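Below is one structure, written out as C-alpha cells, with a few remarks after it.
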Amino acid sequence: MNHWLVKSEPFKYSWDQFVKDKKAVWDGVRNYAARNNMRAMKKGDLVFFYHSNEGLEIVGIAKVIKEAYQDPTTDDTSWSVVEIAPFKALKHPVTLADIKADKKLAEMQIIKLSRLSVSAVKPYEFDHILALSEKK
C-alpha cells in the first residue's frame, strides 16, 4: 500500500463537505508531477486530506476507491482523475508548522515541493503524522 496527500482549499472543498458527499472525483489537476502521483494511486491506498491556504493542516484520511482514468472535465487525454472516499478524521489536525518543526518529516514532499497538489507520503511519514495527531 502506498500513501499520498491531496490538497484542497477549504472554502472550495472542505473535509466536512467531502464527508457529506461520501466520495469525490479528484479532478482539475494540471501539474504533470501531481498527475503522475494520481496515476500511481491504487485502490485501497490511504490519502491525507490537507486544507491548503486556510488552515494549513492535515485534517483527515481518505481511501482511493477508483484508480486513475481520463479527467472528464477536459478532452485533453494528458489529464487523469481518481476517486476517493473519506476514511476517518484525524483525532487532532496536524499543521504545516508541526510538520516543518519535526526533523523526522523534513523530507516530506509537502515541504520540498510545496506547490504540488498531490504528493507521495513515505510510510514512516504517514505513521509519524498519525502519531502526532494522537498526541495533541
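Letters A, B, ... mark the chains of the C-alpha cells in the order given; residue numbers begin at 1 per chain; ligand numbers begin at 1, in order shown.
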What's around Leu105 (chain A) at 9 Å? Count only C-alpha atoms, leave out sequence neighbours fewer than 6 positions away in its own chain, and write the answer as an mmCIF file with N, CA and C atoms, in the first residue's frame.
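The result, written out as out25.cif:
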```
data_model
loop_
_atom_site.group_PDB
_atom_site.id
_atom_site.type_symbol
_atom_site.label_atom_id
_atom_site.label_comp_id
_atom_site.auth_asym_id
_atom_site.auth_seq_id
_atom_site.Cartn_x
_atom_site.Cartn_y
_atom_site.Cartn_z
ATOM 1 N N ILE A 99 4.597 19.955 10.964
ATOM 2 C CA ILE A 99 5.388 19.144 10.034
ATOM 3 C C ILE A 99 6.767 19.758 9.844
ATOM 4 N N ILE A 111 6.773 19.796 2.024
ATOM 5 C CA ILE A 111 7.760 20.827 2.346
ATOM 6 C C ILE A 111 8.672 21.073 1.143
ATOM 7 N N TYR A 124 6.812 5.796 6.747
ATOM 8 C CA TYR A 124 7.196 6.279 8.083
ATOM 9 C C TYR A 124 6.652 7.688 8.326
ATOM 10 N N GLU A 125 6.537 8.503 7.276
ATOM 11 C CA GLU A 125 5.959 9.840 7.420
ATOM 12 C C GLU A 125 4.474 9.735 7.769
ATOM 13 N N HIS A 128 4.127 8.576 11.341
ATOM 14 C CA HIS A 128 4.540 9.620 12.284
ATOM 15 C C HIS A 128 3.464 10.706 12.392
ATOM 16 N N ILE A 129 2.873 11.070 11.279
ATOM 17 C CA ILE A 129 1.798 12.073 11.325
ATOM 18 C C ILE A 129 0.600 11.530 12.103
#
```
Using only C-alpha atoms, which protein or nucleic acid residues come within 7 Å of Gly44 (chain A)? Drop anything in the same chain fewer than 4 positions from it, and give the result as a PDB file with N, CA and C atoms, in the first residue's frame.
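Once everything was written out, this is result18.pdb:
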```pdb
ATOM      1  N   LYS A  63      -9.520   7.250   1.301  1.00  0.00           N
ATOM      2  CA  LYS A  63      -9.081   5.993   0.698  1.00  0.00           C
ATOM      3  C   LYS A  63      -9.372   6.067  -0.795  1.00  0.00           C
ATOM      4  N   VAL A  64      -8.432   5.597  -1.608  1.00  0.00           N
ATOM      5  CA  VAL A  64      -8.648   5.530  -3.054  1.00  0.00           C
ATOM      6  C   VAL A  64      -9.672   4.437  -3.325  1.00  0.00           C
ATOM      7  N   ILE A  65     -10.765   4.809  -4.005  1.00  0.00           N
ATOM      8  CA  ILE A  65     -11.807   3.820  -4.309  1.00  0.00           C
ATOM      9  C   ILE A  65     -11.874   3.502  -5.805  1.00  0.00           C
TER      10      ILE A  65
END
```
Please report, as a tab-separated table, each residue of region 11-47 of chain A lying at most 10 Å from region 69-75 of chain A, together with the nearest pair of atoms and the separation in Å rounded to one decimal; use only C-alpha atoms, and order rows by chain and ascending residue number.
```
residue	atom	partner	partner_atom	distance
A:Val25	CA	A:Asp71	CA	9.1
A:Trp26	CA	A:Asp71	CA	8.8
A:Asp27	CA	A:Asp71	CA	6.3
A:Gly28	CA	A:Thr73	CA	7.1
A:Val29	CA	A:Asp71	CA	8.8
A:Met38	CA	A:Tyr69	CA	9.5
A:Arg39	CA	A:Tyr69	CA	8.0
```
Would you save the residues from that selection as a tab-separated table (two decimals), in the first residue's frame, using N, CA and C atoms?
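selection_27.tsv was written with the following content:
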```
chain	number	residue	atom	x	y	z
A	25	VAL	N	-14.58	12.79	-6.95
A	25	VAL	CA	-13.71	12.62	-8.10
A	25	VAL	C	-12.66	13.72	-7.97
A	26	TRP	N	-11.39	13.33	-7.84
A	26	TRP	CA	-10.32	14.32	-7.66
A	26	TRP	C	-9.88	14.77	-9.05
A	27	ASP	N	-10.49	15.87	-9.51
A	27	ASP	CA	-10.26	16.34	-10.87
A	27	ASP	C	-9.61	17.72	-10.88
A	28	GLY	N	-9.33	18.20	-12.08
A	28	GLY	CA	-8.79	19.55	-12.24
A	28	GLY	C	-7.29	19.67	-11.99
A	29	VAL	N	-6.60	18.57	-11.76
A	29	VAL	CA	-5.15	18.62	-11.52
A	29	VAL	C	-4.47	18.88	-12.86
A	38	MET	N	-1.18	10.73	-9.07
A	38	MET	CA	-2.54	10.17	-9.12
A	38	MET	C	-2.57	8.88	-9.94
A	39	ARG	N	-1.83	8.85	-11.02
A	39	ARG	CA	-1.79	7.64	-11.86
A	39	ARG	C	-1.15	6.47	-11.13
```
Checklist entry - Separation of CA of Lys122 (chain A) and CA of Ala89 (chain A), in Å? => result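 CA of Ala89 (chain A) lies 19.6 Å from CA of Lys122 (chain A).
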Item to check | Spatial neighbours of Leu132 (chain A), 9 Å, only C-alpha atoms, chain gap at least 4 places, as a PyMOL selection string | outcome: chain A and resi 92-94+98+127-128+136
Item to check | Expected answer as a PyMOL selection string: alpha helix (DSSP H) residues in chain A | outcome: chain A and resi 15-21+32-40+96-101+109-112+123-135
Checklist outcome for this item: Of A:Leu116, A:Val59, A:Ala106, A:Ile84, the one sitting nearest Lys23 (chain A) when using only C-alpha atoms is A:Ile84
Within 9 Å of region 3-8 of chain A: each region 28-122 of chain A residue with its shortest pair, only C-alpha atoms, as a tab-separated table:
```
residue	atom	partner	partner_atom	distance
A:Asn37	CA	A:Trp4	CA	8.1
A:Met38	CA	A:Trp4	CA	8.8
A:Met41	CA	A:Trp4	CA	8.0
A:Asp45	CA	A:His3	CA	5.9
A:Leu46	CA	A:His3	CA	5.1
A:Val47	CA	A:Trp4	CA	4.5
A:Phe48	CA	A:Leu5	CA	4.4
A:Phe49	CA	A:Val6	CA	5.4
A:Tyr50	CA	A:Lys7	CA	4.7
A:His51	CA	A:Ser8	CA	5.3
A:Ser52	CA	A:Ser8	CA	5.6
A:Asn53	CA	A:Ser8	CA	8.4
A:Ile58	CA	A:Leu5	CA	8.6
A:Ile61	CA	A:Leu5	CA	8.8
A:Ile110	CA	A:Leu5	CA	8.2
A:Leu116	CA	A:Lys7	CA	8.4
A:Ser117	CA	A:Lys7	CA	5.2
A:Val118	CA	A:Val6	CA	4.6
A:Ser119	CA	A:Leu5	CA	5.2
A:Ala120	CA	A:Trp4	CA	4.5
A:Val121	CA	A:Trp4	CA	4.9
A:Lys122	CA	A:His3	CA	6.5
```
Please write the residues from the selection above to a file, keeping C-alpha atoms, as a short mmCIF file (atom, residue, chain, number, x, y, z; two decimals), in the first residue's frame.
```cif
data_model
loop_
_atom_site.label_atom_id
_atom_site.label_comp_id
_atom_site.auth_asym_id
_atom_site.auth_seq_id
_atom_site.Cartn_x
_atom_site.Cartn_y
_atom_site.Cartn_z
CA ASN A 37 1.19 10.65 -8.49
CA MET A 38 -2.54 10.17 -9.12
CA MET A 41 -2.51 5.51 -6.82
CA ASP A 45 -4.23 3.39 -0.81
CA LEU A 46 -4.62 5.89 2.03
CA VAL A 47 -4.56 9.63 1.33
CA PHE A 48 -4.10 12.51 3.75
CA PHE A 49 -6.61 15.32 3.17
CA TYR A 50 -4.87 18.66 3.65
CA HIS A 51 -6.56 22.06 3.95
CA SER A 52 -4.37 24.47 1.98
CA ASN A 53 -4.19 28.27 2.03
CA ILE A 58 -3.92 17.64 7.58
CA ILE A 61 -7.61 10.36 5.76
CA ILE A 110 4.66 18.94 1.17
CA LEU A 116 2.40 20.12 -5.59
CA SER A 117 -1.32 19.41 -5.07
CA VAL A 118 -1.00 15.62 -4.98
CA SER A 119 2.12 14.24 -3.34
CA ALA A 120 3.57 10.95 -2.21
CA VAL A 121 3.97 10.25 1.51
CA LYS A 122 6.50 7.69 2.74
#
```
Item to check | Backbone DSSP call of strand (DSSP E) for region 10-74 of chain A, listed as number ranges by chain | outcome: A: 24-26, 46-51, 57-70
Item to check | d(CA of Gln109 (chain A), CA of Ala24 (chain A)) in Å | outcome: 23.0 Å
